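Comments concern the structure below.
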Amino acid sequence: MAHTSPFDPAELSRCVLCGMCLSACPTHRELSQEMDSPRGRIALMRLLASGTIGPESGVMTHIDRCLGCLACEAVCPSGVPFGRIMQAERAQVLANRRQPLWERTLRWLVFRWLLPEPRRIAPFARFLRLYQRSGLARLGLSRLLPGPFAQMEAMLPDLTGSFFGHEPARLPAPSSAGSAKSADPSRSRVALFGGCVMPYLFGNVNAATARVLAHNGYEVVVVEGATCCGSLHEHSGERQAAQELARRNIDVFLAASVEAVIVNAAGCGATLKEYGELLEKDAAYAERARHFGAMVYDVSEFLASSAVDPPKGSVPLRITYQDSCHLAHAQRITRPPRELLRCIPGLELVEMHSADRCCGSAGVYNITRRDFSHRLLASKMADIKETGADIVVTANPGCMLQLSLGLQRAGLPARVAHVVELLDWAYRDRSPSTP
């Protein structure tokens with residue numbers, strides 16, 4: 001029986017088998033197997049669609065091994081929309097596969113109950129913060145947990161800081177001296193997309209983002225009713241749930257009367273910008289989704305294009321920059337983060353080898369495929385070690401978690417920070433040890 005093709009066959013036919021994707025694909029570089037390359041996966045999907053093979057043939061092992069990093073799209077001369085094809089395939093497999101009760105329950109809890117209502121994450125975040133402060137985390141209790149949960153516990157950042165971005169808020173632009181942009185009437189209101197996880201795991205990054213935008217003359221608002229972007233849903237085959245979240249976000253942000261929607265999580269930004277594609281068949285939302293997508297900017301993209309106020313505080317550190325896949329490959333943003341970093345006095349930027357190669361985070365990949373994720377992470381740590389960096393800078397929460405875990409496992413003294421945090425330190429002339 002043929003496996004129903006979930007995508008336009010013309011998209012598959014755009015692949016001309018040139019092989020340009022092979023050297024860019026992390027799984028092919030590691031395994032040197034054709035079936036673990038984008039070209040090979042497209043061939044497998046063609047066989048599935050024709051009925052030559054079925055999903056039970058073991059083919060899904062190779063398809064699921066894809067990180068979704070989109071490095072192949074960045075080098076493909078034929079413009080094959082590999083990410084869209086892969087997401088459609090996973091959604092099709094999910095719809096036709098018989099899921100065990102535990103998996104259906106877990107998916108409902110995470111994708112339908114928890115992530116759509118970010119405030120529901122708050123009790124879990126408070127419990128984890130109490131757990132860390134109590135000292136129990138230092139007793140090594142995570143060793144008693146099943147593998148995936150032990151991995152999640154090991155990746156937790158320090159939650160001693162305050163949460164930021166889960167409640168409506170407003171940060172006005174400076175009305176007095178202190179910023180060269182404070183009296184610029186051309187600056188206006190922007191919305192900070194708080195996200196579902198960022199407020200709790202990296203509230204300090206959200207706060208730094210708001211301060212940097214305000215310093216540059218923008219009024220910053222956190223919009224009431226905003227929800228998860230739907231990125232994890234899309235990558236996990238939950239396309240309908242992602243569409244529901246997209247409609248909710250479009251409604252609240254378009255009603256907020258803001259110039260732009262600023263995002264500091266690369267994965268979220270890539271998904272938000274693609275709402276027009278996600279809802280292209282929804283007559284009521286297609287045009288509004290395209291309009292919303294055009295309003296979305298990564299924070300580095302937005303600042304680098306708006307004559308950022310040069311920082312005056314010195315940050316005397318050696319850093320290296322890790323390109324987040326969904327910033328570099330999905331959004332094609334590589335120069336703006338580096339431009340912002342180079343404008344900070346005292347900062348020495350040392351480029352690492354293959355800075356745009358995936359670190360192995362890839363949404364929940366580092367939990368569902370830990371062994372292979374750790375292989376990629378070990379390679380990344382070797383590249384970081386060569387730079388001698390004090391800080392590894394990146395632009396996505398998943399990357400921040402993964403890189404922090406890698407530094408800990410490798411015994412490297414460096415720490416991880418977001419691009420906007422370094423700008424914030426320079427604007428406030430604060431020591432990076434007490435940001």
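Letters A, B, ... mark the chains of the structure tokens in the order given; residue numbers begin at 1 per chain; ligand numbers begin at 1, in order shown.
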
Contacts of A:Pro9 at 10 Å or less, counting only C-alpha atoms, minus same-chain residues fewer than 6 places along, as a PyMOL selection string? chain A and resi 46+49+85

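Backbone DSSP over stretch 230-368 of chain A yields strand (DSSP E) at Ala260, Val261, Ile262, Val263, Val296, Tyr297, Asp298, Arg318, Ile319, Thr320, Tyr321, Glu348 and Leu349 of chain A.
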
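Look at A:Ile319: the protein and nucleic acid residues within 6 Å of it, using only C-alpha atoms and passing over chain neighbours fewer than 6 places away, are Leu349, Ala389, Asp390, Ile391 and Val392 of chain A.
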
Excluding A:Ala410 and residues on its chain fewer than 2 positions from it, collect all residues at most 9 Å away from it, counting only C-alpha atoms, and give them as a list in words. Ala378, Met381, Ala382, Leu405, Gly406, Leu407, Gln408 and Leu412 of chain A

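Take atom CA of A:Asn206 and atom CA of A:Cys268: the distance between them is 13.5 Å.
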
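Omitting stretch 337-342 of chain A and its sequence neighbours fewer than 6 positions away, and counting only C-alpha atoms, the residues within 8 Å are Ser300, Glu301, Ala304, Tyr321, Glu348, Leu349, Val419, Leu422 and Leu423 of chain A.
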